[in-house]
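Chemist: Questions regarding the structure given below will be posed in turn.
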Amino acid sequence: MIRSLYILGQQSNVIYSKEYAKSDSRDSLIEFLVNLAHFLSSVNLEGKIEYMSFSTARVFYASRQSFIFIFTADKADDTAQIEERMAQLVEAFMKDFAALAEANLPLEGLDAKVDEIAVTMVKVAILGYAGVGKTTTLHLLRGETLPLVHDPTIGVSIKKLPDEVQNANIVLWDLAGQSRFSILWAKMIANAQVVIIVTDSTLENVLRSKKLVSLVTEEVPEAKMIGIANKQDLPTALTPERVGQILGIPTYELVAIDISYRDRLIQIIRKAILEGKAETKPIPA
Amino acid sequence: MPQAVFVVHLDDYQGFIVEKRYPFSFSLNEKLLNLIFYEHEKEEKESLRYSEIDNSRIVSFVDRSHPRWMACFVLSAQEDYEELKAEISGMGRLILELMIEDPKTVHLEEILKNHSVLEEANEEQRYAQVFLTPSSALVLEKIESEGIEKAAKLAIWLRTQVQSDSVDLREAIFPLMNSGLVKVEVVGNVTETVFLVKDVFAYRAPPVDAITRAGESMPKLAGQYQERVAEFFTPPPPSRGYNPTIPSNDPNSPLVEDREKIARVVSRKIEYKVLDSLRDEPLTVKQISEKTLLPGEIVQNALLSLESDRVAAQLGAGVWALIANPVMESFMPEFVLAMIAEKLSAKEITREIAKRHLEILAETWSGEQ
């Protein structure tokens, strides 16, 4: 996935930058990028897009006129796909934003364009206590047959959603709900754009789940959070409105064992992703 | 020798990625990776863990400076974990360090066969950590001027210095305790006190051993080598050269800045291993590679980095040598004796605390002289 991108101007000044994922080696990467930008300002790439490896990342770069474009992506990514995205961005920038940048005017609309081109992967974490139906929700989203025997998740189970949202792959992280695995939650929800808090709609579980809302607010404040009031077919279930009031987040009803809820749930996630994108601000240059 | 080895990275988006494995046919599953990762998360520090999962005996290594990375070794039924512990830690440390540096250079089969290891941080490297943690360096300076101080008072002082309530004295003091520079004890069941036990001096020493050996083993290059070292330490005027013994109270003094640079060089595990190999004599990349069991490419990169920090230089014909030997040395802080006496007479500390400080100094330094 594209982890960050930078557009530099004539004096190697950063005109625009955005980071989609935090990296462990961010500081050394930035140092490397500063040197790379300095080097690129003195060579002619003849319109080509090139790349080089840096630790576990791959750095793609191109230049047009006085602008330098840098993408950082994972080594595992398809280079042709990243090059294609970079070419799209270069073209879009030169067509609609280069003149504005040269005149030092605000680059309105660039952020949305960048998201449209660069977001290749969206992480959706499914969080909740044991037995509330997280894995069943995952199966529902993937349109899979439900297993007959309950098999508690160990650590985390990671699966892709078959459907894409705006050309981006959705990766679902189904986190184990057993309390012994709670030490993993903070680490596992890092960089999630959407966190789904699943409850079984009982008062006890919903009250307990408020802790999860606090955890997400603290660990990934920029993530969009949605609540799921699962097991609505059971007589003891609180209404989704009541669950939402207690959790303090938008909450939707669900019967995860009922396939008819699939499309509705996907729409909810899609909406959350789009809303999250709209709220995301680029890091200041 | 372990039957198999694999390196796992937990990516925020894609989950567990097996970055390398040997043999290639060795199969893994998500549950196994989850369980290994979970075992490590229970413990905060660098650790080695032994687990038996799905009939496999797995030893995994995690280094907290590279979170989300694990080097895992699969033992055969006959292998004794206790016997292999030290070697596996060393191999794990090396594998993770190389993975971060340049994954292309990691050849698991060779590491296993050669038993290549990276040693645990030594005393010098632990001292370096003090200067790489700004709040620790600040606390060291304070305790150097006080000799002895109550932890609570030090915590308030630190918060004022950094103008933040969130700064944690325990975190700032950890590198100082870990390197043995200070000791924290509760004296008289009431007062938690910080004692200065050792002081540290970071400087670049002339590489005397390497120059002497060069004179014996490569006389043709020895003259040039001596000139390069002399150029660094005593260049012709008006250049001043490098002299760490000139005291400077200026916080922007190049020597203070250089201390941080020395600390950085010493703390980088691979660079330090290469640097250490050059302390005895000048060597070629190939010789360093043989001596350290590090891949040639990695050695080359480390040398270039040492060159940019003005630590190593190429003498010609591919021979590399130290032009300055970064050293971090501890010494007994004799100056604290006067401070203890003064504080005792001013009743800032009790007799019990003063006595305990002297005992700690005696325990630490008796037999060292």
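Going by the structure tokens order, chains are called A, B, ..., each with residues numbered from 1, while ligands are numbered from 1 in the order shown.
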When you look at stretch 129-131 of chain A with a cut-off of 8 Å (counting only C-alpha atoms), what residues show up, excluding the ones that are within fewer than 4 positions of it in the same chain? I need them as JSON, numbers by chain.

Modeler: {"A": [152, 176, 177, 178, 179, 198, 199, 200, 205, 209]}

Chemist: When you get a sec, could you note down which chain A residues fall within 12 Å of chain B, using only C-alpha atoms, as an mmCIF file with C-alpha atoms, in the first residue's frame?

Modeler:
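Ended up saving to iface33.cif:
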```cif
data_model
loop_
_atom_site.group_PDB
_atom_site.id
_atom_site.type_symbol
_atom_site.label_atom_id
_atom_site.label_comp_id
_atom_site.auth_asym_id
_atom_site.auth_seq_id
_atom_site.Cartn_x
_atom_site.Cartn_y
_atom_site.Cartn_z
ATOM 1 C CA MET A 1 0.000 0.000 0.000
ATOM 2 C CA ILE A 2 1.054 3.585 -0.482
ATOM 3 C CA ARG A 3 2.100 4.730 2.993
ATOM 4 C CA TYR A 20 -1.555 7.093 5.471
ATOM 5 C CA ALA A 21 0.260 4.833 7.888
ATOM 6 C CA LYS A 22 2.697 5.401 10.694
ATOM 7 C CA SER A 23 5.957 3.622 10.266
ATOM 8 C CA ASP A 24 8.447 2.326 12.842
ATOM 9 C CA SER A 25 11.338 3.716 10.842
ATOM 10 C CA SER A 28 15.290 7.485 9.263
ATOM 11 C CA LEU A 29 12.956 7.444 6.266
ATOM 12 C CA SER A 53 14.498 0.227 -1.719
ATOM 13 C CA PHE A 54 14.879 1.656 1.722
ATOM 14 C CA SER A 55 14.805 -0.853 4.584
ATOM 15 C CA THR A 56 11.409 -2.544 4.286
ATOM 16 C CA ALA A 57 9.919 0.242 2.163
ATOM 17 C CA ARG A 58 10.129 1.060 -1.506
ATOM 18 C CA ASP A 74 5.614 -1.568 0.813
ATOM 19 C CA LYS A 75 8.149 -3.810 -0.834
ATOM 20 C CA ALA A 76 5.457 -6.418 -1.291
ATOM 21 C CA ASP A 77 3.386 -4.065 -3.467
ATOM 22 C CA THR A 120 -5.093 1.368 -1.977
ATOM 23 C CA MET A 121 -5.968 -0.262 1.324
ATOM 24 C CA VAL A 122 -8.346 0.544 4.167
ATOM 25 C CA LYS A 123 -8.130 -1.178 7.528
ATOM 26 C CA VAL A 124 -11.349 -1.959 9.348
ATOM 27 C CA ALA A 125 -10.926 -3.426 12.851
ATOM 28 C CA ASP A 151 -14.131 -21.650 17.243
ATOM 29 C CA PRO A 152 -12.784 -18.724 19.307
ATOM 30 C CA THR A 153 -10.366 -16.465 17.435
ATOM 31 C CA ILE A 154 -6.729 -16.619 18.511
ATOM 32 C CA GLY A 155 -5.060 -13.201 18.474
ATOM 33 C CA VAL A 156 -6.349 -11.750 15.253
ATOM 34 C CA SER A 157 -7.824 -13.055 12.046
ATOM 35 C CA ILE A 158 -7.222 -10.924 8.968
ATOM 36 C CA LYS A 159 -9.319 -11.227 5.835
ATOM 37 C CA LYS A 160 -10.083 -9.065 2.815
ATOM 38 C CA ASN A 169 -9.101 -2.986 -0.752
ATOM 39 C CA ILE A 170 -10.814 -3.333 2.590
ATOM 40 C CA VAL A 171 -8.871 -5.394 5.096
ATOM 41 C CA LEU A 172 -10.881 -6.662 8.033
ATOM 42 C CA TRP A 173 -9.088 -7.301 11.336
ATOM 43 C CA ASP A 174 -11.179 -9.548 13.546
ATOM 44 C CA LEU A 175 -9.656 -9.245 17.022
ATOM 45 C CA ALA A 176 -9.952 -12.040 19.562
ATOM 46 C CA ARG A 180 -6.324 -12.697 27.796
ATOM 47 C CA PHE A 181 -5.924 -11.186 24.333
ATOM 48 C CA SER A 182 -6.871 -7.681 25.464
ATOM 49 C CA ILE A 183 -3.139 -6.814 25.692
ATOM 50 C CA LEU A 184 -3.049 -7.012 21.898
ATOM 51 C CA TRP A 185 -5.962 -4.708 21.142
ATOM 52 C CA ALA A 186 -4.162 -1.363 21.275
ATOM 53 C CA LYS A 187 -1.424 -2.615 18.973
ATOM 54 C CA MET A 188 -3.787 -4.351 16.572
ATOM 55 C CA ILE A 189 -6.071 -1.380 15.970
ATOM 56 C CA ALA A 190 -3.163 0.906 15.031
ATOM 57 C CA ASN A 191 -3.734 2.681 11.730
ATOM 58 C CA ALA A 192 -7.350 1.483 11.423
ATOM 59 C CA GLN A 193 -9.542 3.916 9.502
#
```

Chemist: Identify, on the basis of only C-alpha atoms, every residue whose closest approach to stretch 342-354 of chain B does not exceed 9 Å; exclude the query and any residue fewer than 2 positions from it along the same chain; express the result as a PyMOL selection string.

Modeler: chain B and resi 148-149+187-188+193+337-340+356-359

Chemist: Show which residues sit within 9 Å of stretch 225-242 of chain B, as a PyMOL selection string. Count only C-alpha atoms, and ignore same-chain residues fewer than 6 positions away.

Modeler: chain B and resi 204+206-207+211+214+255+310+313+315+321-324

Chemist: Based on DSSP run over this structure's backbone, return all residues of stretch 115-256 of chain B in strand (DSSP E or B), as a VMD selection string.

Modeler: chain B and resid 148 to 150 182 to 187 191 to 196 199 to 205

Chemist: Would you mind exporting N, CA and C atoms of the selected residues as a CSV table (one decimal), in the first residue's frame?

Modeler:
```csv
chain,number,residue,atom,x,y,z
B,148,ILE,N,23.9,13.4,44.9
B,148,ILE,CA,22.9,12.6,45.6
B,148,ILE,C,21.6,13.4,45.6
B,149,GLU,N,20.5,12.8,45.4
B,149,GLU,CA,19.3,13.6,45.4
B,149,GLU,C,18.0,12.8,45.6
B,150,LYS,N,17.0,13.4,46.3
B,150,LYS,CA,15.8,12.6,46.5
B,150,LYS,C,15.1,12.5,45.2
B,182,VAL,N,23.8,5.3,38.0
B,182,VAL,CA,23.2,5.7,39.3
B,182,VAL,C,22.5,4.5,39.9
B,183,LYS,N,22.2,4.6,41.2
B,183,LYS,CA,21.5,3.6,41.9
B,183,LYS,C,20.3,4.3,42.6
B,184,VAL,N,19.2,3.6,42.6
B,184,VAL,CA,18.0,4.2,43.3
B,184,VAL,C,17.6,3.3,44.4
B,185,GLU,N,17.6,3.8,45.6
B,185,GLU,CA,17.2,3.0,46.7
B,185,GLU,C,16.3,3.7,47.7
B,186,VAL,N,15.5,2.9,48.4
B,186,VAL,CA,14.7,3.5,49.5
B,186,VAL,C,15.5,3.4,50.7
B,187,VAL,N,15.9,4.5,51.3
B,187,VAL,CA,16.7,4.4,52.5
B,187,VAL,C,15.8,4.8,53.7
B,191,THR,N,12.6,7.5,52.2
B,191,THR,CA,13.0,8.4,51.1
B,191,THR,C,13.6,7.6,50.0
B,192,GLU,N,13.0,7.7,48.8
B,192,GLU,CA,13.7,7.1,47.6
B,192,GLU,C,14.8,8.1,47.1
B,193,THR,N,16.0,7.5,47.1
B,193,THR,CA,17.1,8.4,46.8
B,193,THR,C,17.9,7.9,45.6
B,194,VAL,N,18.4,8.9,44.8
B,194,VAL,CA,19.2,8.6,43.6
B,194,VAL,C,20.6,8.9,44.0
B,195,PHE,N,21.5,7.9,43.8
B,195,PHE,CA,22.9,8.0,44.1
B,195,PHE,C,23.7,8.0,42.8
B,196,LEU,N,24.7,8.9,42.7
B,196,LEU,CA,25.6,8.8,41.6
B,196,LEU,C,26.7,7.8,41.9
B,199,ASP,N,30.6,8.0,36.9
B,199,ASP,CA,30.4,9.0,35.9
B,199,ASP,C,31.0,8.5,34.6
B,200,VAL,N,30.6,9.2,33.5
B,200,VAL,CA,31.0,8.6,32.2
B,200,VAL,C,31.7,9.7,31.3
B,201,PHE,N,32.7,9.4,30.6
B,201,PHE,CA,33.4,10.3,29.7
B,201,PHE,C,33.3,9.7,28.3
B,202,ALA,N,32.8,10.5,27.4
B,202,ALA,CA,32.7,10.0,26.0
B,202,ALA,C,33.7,10.9,25.2
B,203,TYR,N,34.5,10.2,24.5
B,203,TYR,CA,35.5,10.9,23.6
B,203,TYR,C,36.1,10.1,22.5
B,204,ARG,N,36.8,10.7,21.7
B,204,ARG,CA,37.5,10.0,20.6
B,204,ARG,C,38.9,9.8,21.0
B,205,ALA,N,39.3,8.6,21.1
B,205,ALA,CA,40.7,8.3,21.5
B,205,ALA,C,41.5,8.0,20.2
```

Chemist: Got a sec: who's within 7 Å of A:Thr202, counting only C-alpha atoms, leaving out chain neighbours fewer than 5 positions off, as a PyMOL selection string?

Modeler: chain A and resi 236-238

Chemist: For each of A:Ile68, A:Ile30, A:Ile15, A:Ala62, take the minimum atom-to-atom distance to A:Leu105, counting only C-alpha atoms, then give the residue where this is smallest.

Modeler: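 Closest candidate: A:Ile15.
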
Chemist: Which residue is closest to A:Tyr261? Choose from A:Ile228, A:Val165, A:Ala98, A:Ile196 and count only C-alpha atoms.

Modeler: A:Ile228

Chemist: Which residue, B:Gly90, B:Pro134, B:Pro2, B:Gly147, has the smallest gap to B:Leu75 when you use only C-alpha atoms?

Modeler: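 Residue with the minimum atom-to-atom distance to B:Leu75: B:Pro2.
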